[in-house]
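Here is coords_39.txt, consisting of compact mmCIF, C-alpha atoms:
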# COMPACT_ATOMS: atom_id res chain seq x y z
CA MET D 1 117.79 12.88 51.03
CA LEU D 2 116.02 9.95 49.77
CA ARG D 3 113.63 9.82 52.65
CA PHE D 4 113.10 13.48 52.47
CA GLY D 5 112.60 13.24 48.76
CA THR D 6 110.22 10.33 49.20
CA TRP D 7 108.35 12.15 51.87
CA VAL D 8 108.10 15.17 49.69
CA ILE D 9 107.21 13.28 46.56
CA LEU D 10 104.54 11.08 48.11
CA PRO D 11 102.18 13.90 49.06
CA ILE D 12 102.56 15.27 45.61
CA LEU D 13 101.65 11.94 44.11
CA MET D 14 98.78 11.58 46.52
CA ALA D 15 97.57 15.04 45.72
CA THR D 16 97.88 14.37 42.05
CA SER D 17 95.98 11.13 42.39
CA ALA D 18 93.25 12.88 44.34
CA ALA D 19 93.03 15.53 41.70
CA ILE D 20 92.78 12.93 39.00
CA GLY D 21 90.15 11.10 41.01
CA VAL D 22 88.14 14.22 41.46
CA GLY D 23 88.45 15.02 37.78
CA CYS D 24 87.32 11.57 36.81
CA SER D 25 84.44 11.87 39.19
CA ARG D 26 83.43 15.17 37.65
CA MET D 27 83.79 13.81 34.15
CA GLN D 28 81.60 10.89 35.03
CA SER D 29 78.97 13.13 36.61
CA SER D 30 78.88 15.35 33.55
CA GLN D 31 77.78 12.50 31.27
CA PRO D 32 74.15 12.83 30.11
CA ARG D 33 71.69 10.57 31.88
CA SER D 34 68.72 9.00 30.21
CA ILE D 35 65.54 9.96 32.05
CA GLN D 36 62.47 7.81 31.44
CA VAL D 37 59.17 9.66 31.71
CA ALA D 38 55.85 7.84 31.64
CA ALA D 39 54.06 8.72 28.43
CA THR D 40 50.64 10.30 29.00
CA PRO D 41 48.36 10.13 25.95
CA LEU D 42 47.09 13.48 24.79
CA ALA D 43 43.35 13.88 24.88
CA ARG D 44 41.95 14.33 21.39
CA SER D 45 38.64 16.06 20.74
CA THR D 46 36.36 14.10 18.35
CA PRO D 47 34.41 16.45 16.11
CA THR D 48 30.63 15.98 16.19
CA PRO D 49 29.40 14.99 12.70
CA THR D 50 27.02 17.42 11.11
CA PRO D 51 23.67 15.68 10.41
CA ILE D 52 22.82 15.47 6.72
CA GLN D 53 19.45 17.01 5.97
CA GLU D 54 17.41 14.95 3.49
CA ASP D 55 16.24 16.91 0.47
CA PHE D 56 12.60 15.81 0.43
CA TYR D 57 11.85 17.87 -2.68
CA GLN D 58 14.57 16.11 -4.63
CA SER D 59 13.41 12.72 -3.32
CA ALA D 60 9.93 13.54 -4.60
CA MET D 61 11.31 14.47 -8.01
CA ASP D 62 13.31 11.22 -8.16
CA SER D 63 10.24 9.11 -7.32
CA ALA D 64 8.20 11.01 -9.92
CA ALA D 65 10.87 10.42 -12.57
CA SER D 66 10.85 6.71 -11.72
CA ALA D 67 7.04 6.58 -12.00
CA ARG D 68 7.12 8.25 -15.43
CA SER D 69 9.85 5.92 -16.64
CA ILE D 70 8.00 2.74 -15.57
CA SER D 71 4.70 3.98 -17.02
CA GLN D 72 6.22 4.19 -20.50
CA SER D 73 6.47 0.39 -20.69
CA ALA D 74 3.76 -0.64 -18.17
CA LEU D 75 1.44 -3.35 -19.47
CA SER D 76 0.23 -5.51 -16.59
CA PRO D 77 -1.77 -4.56 -13.46
CA GLU D 78 1.39 -5.18 -11.43
CA ASP D 79 3.31 -2.67 -13.58
CA TRP D 80 0.70 0.01 -12.98
CA GLN D 81 0.55 -0.79 -9.28
CA LEU D 82 4.32 -0.19 -9.15
CA VAL D 83 3.83 3.12 -10.95
CA ALA D 84 1.15 4.06 -8.41
CA SER D 85 3.47 3.20 -5.51
CA ARG D 86 6.15 5.50 -6.95
CA TRP D 87 3.64 8.36 -7.16
CA LYS D 88 2.61 7.70 -3.56
CA ASN D 89 6.27 7.94 -2.50
CA ALA D 90 6.63 11.21 -4.39
CA ILE D 91 3.52 12.67 -2.74
CA ALA D 92 4.69 11.57 0.73
CA SER D 93 8.08 13.24 0.18
CA LEU D 94 6.48 16.46 -1.06
CA LYS D 95 4.41 16.71 2.11
CA GLN D 96 7.64 16.71 4.17
CA VAL D 97 9.35 19.56 2.29
CA PRO D 98 10.18 22.20 4.95
CA LYS D 99 9.21 25.85 4.55
CA SER D 100 12.89 26.78 4.40
CA ASN D 101 13.36 24.81 1.18
CA PRO D 102 13.66 27.17 -1.84
CA ASN D 103 11.32 24.87 -3.81
CA ARG D 104 8.57 25.07 -1.20
CA LYS D 105 6.52 27.41 -3.43
CA LEU D 106 6.22 24.62 -6.02
CA VAL D 107 4.91 22.00 -3.59
CA ASN D 108 1.17 22.66 -4.01
CA GLN D 109 1.47 22.69 -7.79
CA LYS D 110 3.40 19.41 -7.79
CA LEU D 111 0.99 17.80 -5.31
CA ALA D 112 -1.94 18.45 -7.64
CA GLU D 113 0.04 17.08 -10.59
CA PHE D 114 1.19 13.96 -8.73
CA ASN D 115 -2.28 13.21 -7.35
CA ARG D 116 -3.70 13.29 -10.88
CA ALA D 117 -0.96 10.95 -12.04
CA LEU D 118 -1.62 8.60 -9.09
CA ALA D 119 -5.35 8.46 -9.89
CA ASN D 120 -4.53 7.66 -13.52
CA ALA D 121 -2.09 4.88 -12.53
CA GLU D 122 -4.62 3.31 -10.16
CA ASP D 123 -7.31 3.48 -12.85
CA ARG D 124 -4.97 1.84 -15.38
CA ALA D 125 -4.14 -0.90 -12.86
CA ALA D 126 -7.83 -1.64 -12.35
CA ARG D 127 -8.66 -1.58 -16.08
CA THR D 128 -5.75 -3.75 -17.15
CA GLY D 129 -6.72 -6.20 -14.40
CA LYS D 130 -10.22 -6.56 -15.87
CA GLU D 131 -8.81 -6.81 -19.39
CA LYS D 132 -6.47 -9.57 -18.22
CA VAL D 133 -9.36 -11.54 -16.70
CA ALA D 134 -11.44 -11.07 -19.84
CA ALA D 135 -8.55 -12.28 -22.00
CA LEU D 136 -8.19 -15.41 -19.89
CA ASP D 137 -11.94 -16.07 -19.98
CA PRO D 138 -13.64 -14.69 -23.12
CA GLY D 139 -17.02 -15.49 -21.55
CA ILE D 140 -16.55 -12.64 -19.06
CA LYS D 141 -17.52 -9.20 -20.28
CA VAL D 142 -15.99 -6.07 -18.81
CA ASP D 143 -18.44 -3.35 -17.81
CA ARG D 144 -17.95 -0.02 -19.48
CA ALA D 145 -16.80 2.87 -17.32
CA LEU D 146 -19.64 4.95 -15.84
CA SER D 147 -19.98 8.54 -17.02
CA PRO D 148 -19.88 11.43 -14.49
CA LYS D 149 -23.62 11.90 -15.03
CA GLU D 150 -24.35 8.26 -14.19
CA ILE D 151 -22.17 8.45 -11.09
CA THR D 152 -24.08 11.55 -9.93
CA GLU D 153 -27.42 9.85 -10.54
CA ILE D 154 -26.37 6.79 -8.58
CA ALA D 155 -25.22 8.98 -5.67
CA GLU D 156 -28.61 10.72 -5.67
CA GLN D 157 -30.41 7.39 -5.71
CA ARG D 158 -28.46 6.29 -2.66
CA THR D 159 -30.08 9.00 -0.55
CA LYS D 160 -33.42 9.15 -2.31
CA GLY D 161 -33.77 5.37 -2.57
CA VAL D 162 -35.26 3.23 -5.28
CA GLU D 163 -38.51 1.32 -5.56
CA VAL D 164 -38.32 -1.99 -7.38
CA PRO D 165 -41.69 -3.23 -8.70
CA ILE D 166 -42.83 -6.60 -7.36
CA LYS D 167 -43.89 -8.75 -10.34
CA TYR D 168 -45.63 -11.36 -8.22
CA ARG D 169 -45.09 -13.37 -5.03
CA LYS D 170 -43.94 -16.96 -4.72
CA ASN D 171 -44.71 -18.56 -1.37
CA ASN D 172 -45.41 -15.01 -0.12
CA ILE D 173 -41.89 -13.93 -1.14
CA PRO D 174 -41.72 -10.97 -3.58
CA VAL D 175 -40.25 -11.64 -7.03
CA VAL D 176 -38.43 -8.87 -8.93
CA ASP D 177 -36.39 -8.54 -12.13
CA VAL D 178 -32.61 -8.56 -11.61
CA LEU D 179 -29.97 -7.70 -14.21
CA PHE D 180 -26.87 -9.93 -14.35
CA ASN D 181 -23.58 -9.02 -16.04
CA ASN D 182 -25.21 -5.88 -17.42
CA ASN D 183 -26.93 -7.85 -20.20
CA GLN D 184 -29.22 -10.64 -18.92
CA ARG D 185 -32.36 -10.25 -16.83
CA PHE D 186 -33.84 -12.93 -14.55
CA GLU D 187 -36.66 -13.16 -12.04
CA MET D 188 -35.37 -13.48 -8.47
CA MET D 189 -37.05 -13.82 -5.09
CA VAL D 190 -36.07 -11.11 -2.58
CA ASP D 191 -35.45 -13.40 0.37
CA THR D 192 -34.52 -11.45 3.49
CA GLY D 193 -33.73 -14.75 5.19
CA ALA D 194 -31.07 -15.76 2.64
CA SER D 195 -27.51 -14.88 3.58
CA ALA D 196 -26.19 -15.12 0.02
CA THR D 197 -27.48 -15.07 -3.53
CA MET D 198 -28.30 -18.42 -5.14
CA ILE D 199 -28.95 -18.91 -8.85
CA THR D 200 -30.48 -21.86 -10.68
CA GLN D 201 -28.69 -24.35 -12.89
CA GLU D 202 -30.35 -22.80 -15.96
CA MET D 203 -29.24 -19.29 -14.96
CA ALA D 204 -25.68 -20.54 -14.53
CA ARG D 205 -25.80 -22.08 -18.00
CA GLN D 206 -27.08 -18.90 -19.64
CA LEU D 207 -24.57 -16.74 -17.77
CA GLY D 208 -21.67 -19.06 -18.56
CA ALA D 209 -20.92 -19.17 -14.83
CA ARG D 210 -18.37 -21.90 -14.18
CA SER D 211 -17.88 -23.61 -10.85
CA ILE D 212 -14.87 -22.51 -8.80
CA GLY D 213 -15.62 -24.60 -5.70
CA GLU D 214 -18.36 -25.92 -3.50
CA THR D 215 -19.92 -25.33 -0.08
CA GLN D 216 -22.68 -26.54 2.23
CA ALA D 217 -26.02 -24.73 2.05
CA MET D 218 -29.33 -24.97 3.87
CA THR D 219 -32.27 -25.33 1.48
CA ALA D 220 -35.91 -26.34 1.86
CA ALA D 221 -34.80 -29.93 1.38
CA GLY D 222 -32.17 -29.64 4.15
CA ILE D 223 -28.38 -29.27 4.06
CA THR D 224 -26.92 -29.97 0.65
CA THR D 225 -23.66 -29.44 -1.24
CA VAL D 226 -23.82 -26.67 -3.84
CA GLN D 227 -21.36 -25.34 -6.40
CA ILE D 228 -19.91 -21.82 -6.17
CA ALA D 229 -19.46 -19.62 -9.25
CA MET D 230 -18.59 -15.98 -9.96
CA VAL D 231 -20.80 -13.49 -11.78
CA GLN D 232 -19.52 -10.19 -13.04
CA SER D 233 -22.30 -7.98 -11.67
CA ILE D 234 -25.82 -7.95 -10.19
CA SER D 235 -27.96 -4.82 -10.62
CA ILE D 236 -31.36 -3.49 -9.60
CA SER D 237 -32.44 0.05 -10.55
CA GLY D 238 -28.93 1.51 -10.49
CA LYS D 239 -27.64 -0.39 -7.45
CA THR D 240 -24.86 -2.72 -8.56
CA ILE D 241 -22.46 -5.09 -6.87
CA ARG D 242 -19.55 -6.59 -8.82
CA ASP D 243 -17.49 -9.78 -8.85
CA VAL D 244 -20.07 -11.64 -6.80
CA PRO D 245 -19.66 -15.27 -5.67
CA VAL D 246 -23.02 -17.04 -5.97
CA SER D 247 -24.13 -20.57 -5.23
CA ILE D 248 -25.84 -22.75 -7.84
CA GLY D 249 -28.73 -24.50 -6.15
CA PRO D 250 -31.49 -27.01 -6.97
CA LEU D 251 -34.14 -24.28 -7.42
CA ASP D 252 -36.64 -23.27 -10.08
CA ILE D 253 -36.10 -19.56 -9.34
CA GLY D 254 -33.11 -17.71 -7.90
CA LEU D 255 -32.81 -16.11 -4.47
CA LEU D 256 -31.45 -12.57 -4.02
CA GLY D 257 -29.73 -12.55 -0.61
CA HIS D 258 -28.10 -10.26 1.91
CA ASP D 259 -24.89 -10.00 -0.10
CA PHE D 260 -26.88 -7.66 -2.38
CA PHE D 261 -29.19 -5.67 -0.11
CA GLY D 262 -27.62 -6.24 3.31
CA ASN D 263 -26.04 -2.76 3.30
CA CYS D 264 -29.36 -1.04 2.49
CA GLU D 265 -32.44 -0.07 4.39
CA ILE D 266 -34.95 -2.46 2.81
CA THR D 267 -38.72 -2.18 3.08
CA ILE D 268 -41.08 -4.64 1.41
CA LYS D 269 -44.33 -2.93 0.59
CA ARG D 270 -47.43 -4.25 -1.13
CA ASP D 271 -46.31 -3.53 -4.71
CA VAL D 272 -42.65 -2.50 -4.42
CA VAL D 273 -39.41 -3.32 -2.62
CA GLU D 274 -37.83 -0.08 -1.40
CA LEU D 275 -34.04 0.22 -1.02
CA LYS D 276 -32.62 3.34 0.66
CA ASN D 277 -29.25 4.60 1.93
CA CYS D 278 -27.30 1.83 0.23
CA ASN D 279 -23.51 1.87 0.34
CA LEU D 280 -22.93 1.60 -3.38

Go ahead and express the file in the form of structure tokens.
Amino acid sequence: MLRFGTWVILPILMATSAAIGVGCSRMQSSQPRSIQVAATPLARSTPTPTPIQEDFYQSAMDSAASARSISQSALSPEDWQLVASRWKNAIASLKQVPKSNPNRKLVNQKLAEFNRALANAEDRAARTGKEKVAALDPGIKVDRALSPKEITEIAEQRTKGVEVPIKYRKNNIPVVDVLFNNNQRFEMMVDTGASATMITQEMARQLGARSIGETQAMTAAGITTVQIAMVQSISISGKTIRDVPVSIGPLDIGLLGHDFFGNCEITIKRDVVELKNCNL
């Protein structure tokens, strides 16, 4: 009985154990497994930035406003030069305003206005510069501004030419009257062989011309050291040069050199010196 029972029971136990084993195996296989997947970065599209279009009309208006603001307190030549530079910036911006800009129809009107303002600023810079020099040196007189009629006459003379009477000749060199600083007249030799104008010691004294340096010059007596001074203007019959450096030499009469007539067609005739096509 016992052996039979044991024989019978053992298969049952074995079967039960197998069933349990299978169940455990299934339970284990049903557990979730962690699966590692390599991460692949997602491609991102970078938006292309939209270019910002410069508003040239507004830039012009800003530069113009700056020019007007500075001009209200401008006193020195440098102040007015800064004003002029602002107007130049405004004009340059206006010229770049595209046709598509709604303010394009105002461009020509503003260009005319800004160009007038630029001319005024440049004129003020020049005039205040002369006034500043005159204030520093009371001996220097500032020329008055030429009228439109005088400017027209000078332009006509440039083409037509002028004839300067020869007063006499010194060593066969013609002598003419020359106006200095718009108020003093001196006799000068028209020396086509002189590279620069030379005045006498007495002329320098009367003109109040002070030495600003020295240089070497060739004279009839050989090479000598001469002083350099500035004169405000030199004029003959409407032809004028300004802010002229001249040498002060050991002469009894001055020499008018190429710095005055070198840009003219000059002809020395019997009684006159003719100057034509001068770049005034």

Hey, which of D:Leu94, D:Arg270, D:Arg242, D:Asp62 ends up closest to Arg169 (chain D)? Count all atoms listed in the file. D:Arg270

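Closest to Ser85 (chain D) among D:Ser63, D:Val107, D:Asp252, D:Ser73 is D:Ser63, based on only C-alpha atoms.
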
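The two atoms in question, CA of Pro245 (chain D) and CA of Ala229 (chain D), are spaced 5.6 Å apart.
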
Neighbours of Ala64 (chain D) within 7 Å (all atoms listed in the file; same-chain residues fewer than 2 positions away dropped), as a VMD selection string? chain D and resid 60 to 62 66 to 68 86 to 87 90

Please tell me which residues are no farther than 10 Å from (-2.4, 6.2, -9.9) in the file, counting only C-alpha atoms, and write them as number ranges by chain. D: 67, 80-88, 114-126

Applying 7 Å and all atoms listed in the file, which residues near Asp191 (chain D) remain after dropping the ones on its own chain fewer than 3 positions away? List them as a short mmCIF file (atom, residue, chain, number, x, y, z; two decimals) with C-alpha atoms, in the frame of the given file.
data_model
loop_
_atom_site.label_atom_id
_atom_site.label_comp_id
_atom_site.auth_asym_id
_atom_site.auth_seq_id
_atom_site.Cartn_x
_atom_site.Cartn_y
_atom_site.Cartn_z
CA ILE D 173 -41.89 -13.93 -1.14
CA ALA D 194 -31.07 -15.76 2.64
CA LEU D 255 -32.81 -16.11 -4.47
CA LEU D 256 -31.45 -12.57 -4.02
CA GLY D 257 -29.73 -12.55 -0.61
#

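Rounded to one decimal, CA of Glu163 (chain D) and CA of Leu275 (chain D) lie 6.5 Å from each other.
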
Measuring atom to atom with all atoms listed in the file, identify which of D:Gly254, D:Ser93, D:Gly249, D:Thr240 is nearest to Thr225 (chain D). D:Gly249
